[in-house]
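**Student:** Before I ask anything, let me first share the structure, which is written out below as structure tokens.
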Amino acid sequence: MISLPAMANKGIAFVHGTGSQTDAYNDYWTGDFVNSVKQGLNNQSLYTVVNCDFDQFMWDEKAVGCLAAQLTTFINNKNIDEMIIITHSNGGNVIRWIMSNPTYDSRYPAIVTATDKVIAIAPSSLGTPLADAVHQGNAFESSLGWLLGYGSDAVKQQQVGWMAYYNQNFLYGTSGRPALPKTFKAIVGSDVDSAFWDGDSYCAGYQYQVALETTQNWLDSCSDGFLNCSSQSGAGSTWFVDKQRTKGGEPLSHQQSRRDCFNLDVIIRNDI
């Protein structure tokens, strides 16, 4: 008798970015995005949406400790042996901390073993000049409070020089450093559209596109309004730059890249 290989118990973990979340399903990702992406699973019940305090430094117990606890519970309760982690922004740094420091916490090795790959949407791998500007007291429009959290430790951490230090000493995956133990592939957002006559500017909230257009003054010509493209592609590998695959070749602002804008959800679902 020929024995067939057992089907992997594949699941998805959605890991938010900067901010303290209690309902990331609705408030950070939206149900439309999560429910669309999870259709890539054979068993659509095998997913979890993480809620942690990512206003802290990535190594803080409230940040990475919370993440490790929730991922461990998900793996154990659902018998997950092939976990796909979908991160956004600073969430990619917290995941990289786990993948880069296996002896830091006894829970980390099992998490890494269960992980198949990380799909890092707009990861802040090399930090952002906006964090430097906030930390140095530069004024931003009040509408950016949702994005930066202003003086939080997570924002301090994402200063360009600080991230360079962490990447060189504590994190894997960047140039000249050891490779990450599992695939870490980035989706890069390259621009912000905020023309009021353009319907695409209203996906994920027009007011956010206007705010992100403003912050581009601190960034390179290639940015998603919060992160330079170079930061987003700074760790692991680049899966694609938004316009290469999105519907209509539309760019993904930092807000739009955690929403079901321009078929992003379908692109990720098809990769699951």
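In the structure tokens, chains take letters A, B, ... by order of appearance, with residues numbered from 1 within each chain and ligands from 1 in the order shown.
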Residues within 8 Å of Val241 in chain A, please, as a list in words. Count only C-alpha atoms; anything in the same chain fewer than 4 positions from it doesn't count.
**Tutor:**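 The residues satisfying every condition are Ile187, Val188, Gly189, Ser190 and Arg245 of chain A.
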**Student:** Please extract the residues of range 37-101 of chain A with a backbone DSSP assignment of helix (DSSP H, G or I) and present them as an MDAnalysis selection string.
**Tutor:** chainID A and resid 37:40 61:78 91:100
**Student:** Need to verify the contact set: Val118 in chain A, 10 Å, only C-alpha atoms, exclusion of same-chain residues closer than 4 positions in sequence. Can you return it as a compact mmCIF listing (two decimals) with all heavy atoms, in the first residue's frame?
**Tutor:**
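Wrote it out as around.txt, contents follow:
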```
# COMPACT_ATOMS: atom_id res chain seq x y z
N ILE A 12 -2.80 30.86 9.39
CA ILE A 12 -2.31 32.22 9.17
C ILE A 12 -2.40 33.01 10.46
O ILE A 12 -3.42 32.96 11.16
CB ILE A 12 -3.15 32.96 8.09
CG1 ILE A 12 -3.14 32.21 6.76
CG2 ILE A 12 -2.63 34.38 7.89
CD1 ILE A 12 -4.08 32.81 5.73
N ALA A 13 -1.35 33.75 10.75
CA ALA A 13 -1.34 34.68 11.88
C ALA A 13 -1.16 36.09 11.33
O ALA A 13 -0.20 36.36 10.60
CB ALA A 13 -0.23 34.34 12.86
N MET A 83 2.79 27.54 9.58
CA MET A 83 2.21 28.85 9.88
C MET A 83 2.74 29.91 8.93
O MET A 83 3.95 30.06 8.75
CB MET A 83 2.51 29.24 11.33
CG MET A 83 1.95 30.58 11.74
SD MET A 83 2.04 30.87 13.54
CE MET A 83 3.83 30.81 13.82
N ILE A 84 1.82 30.63 8.34
CA ILE A 84 2.17 31.79 7.51
C ILE A 84 1.86 33.03 8.34
O ILE A 84 0.74 33.22 8.80
CB ILE A 84 1.38 31.79 6.20
CG1 ILE A 84 1.76 30.56 5.37
CG2 ILE A 84 1.63 33.07 5.41
CD1 ILE A 84 0.85 30.30 4.20
N ILE A 85 2.87 33.84 8.54
CA ILE A 85 2.71 35.06 9.33
C ILE A 85 2.62 36.24 8.37
O ILE A 85 3.50 36.44 7.53
CB ILE A 85 3.88 35.24 10.31
CG1 ILE A 85 3.96 34.04 11.27
CG2 ILE A 85 3.73 36.54 11.09
CD1 ILE A 85 5.17 34.08 12.18
N ILE A 86 1.56 37.01 8.50
CA ILE A 86 1.38 38.22 7.70
C ILE A 86 1.56 39.41 8.63
O ILE A 86 0.80 39.58 9.59
CB ILE A 86 0.01 38.25 7.03
CG1 ILE A 86 -0.13 37.05 6.08
CG2 ILE A 86 -0.20 39.56 6.27
CD1 ILE A 86 -1.51 36.90 5.45
N THR A 87 2.58 40.19 8.39
CA THR A 87 2.87 41.33 9.25
C THR A 87 2.68 42.63 8.48
O THR A 87 2.68 42.65 7.24
CB THR A 87 4.32 41.29 9.78
OG1 THR A 87 5.23 41.62 8.72
CG2 THR A 87 4.66 39.94 10.34
N GLY A 92 6.86 43.51 11.50
CA GLY A 92 7.95 42.74 10.90
C GLY A 92 9.18 42.73 11.77
O GLY A 92 9.91 41.74 11.83
N ILE A 95 8.61 40.25 14.71
CA ILE A 95 8.79 38.87 14.22
C ILE A 95 10.27 38.58 14.00
O ILE A 95 10.77 37.50 14.34
CB ILE A 95 8.01 38.66 12.91
CG1 ILE A 95 6.51 38.54 13.21
CG2 ILE A 95 8.50 37.42 12.18
CD1 ILE A 95 6.11 37.31 14.00
N ARG A 96 10.99 39.53 13.45
CA ARG A 96 12.43 39.30 13.23
C ARG A 96 13.17 39.13 14.55
O ARG A 96 14.17 38.40 14.61
CB ARG A 96 13.05 40.44 12.42
CG ARG A 96 12.76 40.37 10.95
CD ARG A 96 13.80 41.10 10.12
NE ARG A 96 13.83 42.52 10.38
CZ ARG A 96 14.94 43.25 10.55
NH1 ARG A 96 16.13 42.67 10.52
NH2 ARG A 96 14.86 44.55 10.77
N LYS A 182 13.77 31.53 8.29
CA LYS A 182 12.64 31.24 7.41
C LYS A 182 12.43 32.40 6.45
O LYS A 182 12.90 33.53 6.69
CB LYS A 182 11.35 31.01 8.24
CG LYS A 182 11.40 29.79 9.14
CD LYS A 182 11.51 28.51 8.32
CE LYS A 182 11.64 27.26 9.18
NZ LYS A 182 10.40 26.90 9.88
N THR A 183 11.74 32.13 5.36
CA THR A 183 11.50 33.14 4.34
C THR A 183 10.82 34.37 4.94
O THR A 183 9.84 34.26 5.66
CB THR A 183 10.62 32.57 3.21
OG1 THR A 183 11.33 31.51 2.56
CG2 THR A 183 10.25 33.63 2.19
N PHE A 184 11.35 35.53 4.61
CA PHE A 184 10.79 36.82 5.03
C PHE A 184 10.74 37.66 3.76
O PHE A 184 11.75 38.17 3.31
CB PHE A 184 11.70 37.45 6.08
CG PHE A 184 11.20 38.75 6.67
CD1 PHE A 184 10.50 38.77 7.87
CD2 PHE A 184 11.47 39.96 6.04
CE1 PHE A 184 10.07 39.97 8.44
CE2 PHE A 184 11.05 41.17 6.60
CZ PHE A 184 10.34 41.17 7.79
N LYS A 185 9.56 37.76 3.16
CA LYS A 185 9.47 38.44 1.87
C LYS A 185 8.56 39.66 1.98
O LYS A 185 7.46 39.59 2.51
CB LYS A 185 9.00 37.49 0.77
CG LYS A 185 7.66 36.82 0.95
CD LYS A 185 7.41 35.88 -0.22
CE LYS A 185 5.99 35.35 -0.26
NZ LYS A 185 5.75 34.49 -1.43
N ALA A 186 9.07 40.77 1.47
CA ALA A 186 8.43 42.06 1.67
C ALA A 186 7.60 42.49 0.48
O ALA A 186 7.97 42.28 -0.69
CB ALA A 186 9.49 43.12 1.96
N GLY A 236 15.42 40.46 4.52
CA GLY A 236 14.87 39.35 3.76
C GLY A 236 14.95 39.63 2.27
O GLY A 236 15.96 40.14 1.77
```
**Student:** Please report the interatomic distance between CA of Leu71 in chain A and CA of Lys117 in chain A in Å with one decimal.
**Tutor:**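 Separation of CA of Leu71 in chain A and CA of Lys117 in chain A: 14.0 Å.
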**Student:** Considering only C-alpha atoms, state which residue in the set A:Asn169, A:Asn76, A:Thr238, A:Thr215 is at the smallest distance from Asn101 in chain A.
**Tutor:**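 Smallest separation from Asn101 in chain A among the options: A:Asn169.
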**Student:** Would you work out the distance separating CA of Gln21 in chain A from CA of Asp53 in chain A, expressed in Å to one decimal?
**Tutor:** 6.2 Å
**Student:** Residues near Asp260 in chain A, anyone? I mean within 6 Å using only C-alpha atoms, not counting same-chain ones fewer than 3 positions away, as a list in words.
**Tutor:** Phe33, Leu264 and Asp265 of chain A
**Student:** Can you pull out the residues contacting Tyr25 in chain A? Cut-off 12 Å, using only C-alpha atoms, and skip same-chain residues under 3 positions away; I want them as number ranges by chain.
**Tutor:** A: 13-16, 21-22, 28-35, 47-51, 258-259
**Student:** Quick one: of A:Ser125, A:Gln207, A:Asn9, A:Thr73, who's nearest to Gly234 in chain A, counting only C-alpha atoms?
**Tutor:**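 Comparing A:Ser125, A:Gln207, A:Asn9, A:Thr73 against Gly234 in chain A, the winner is A:Ser125.
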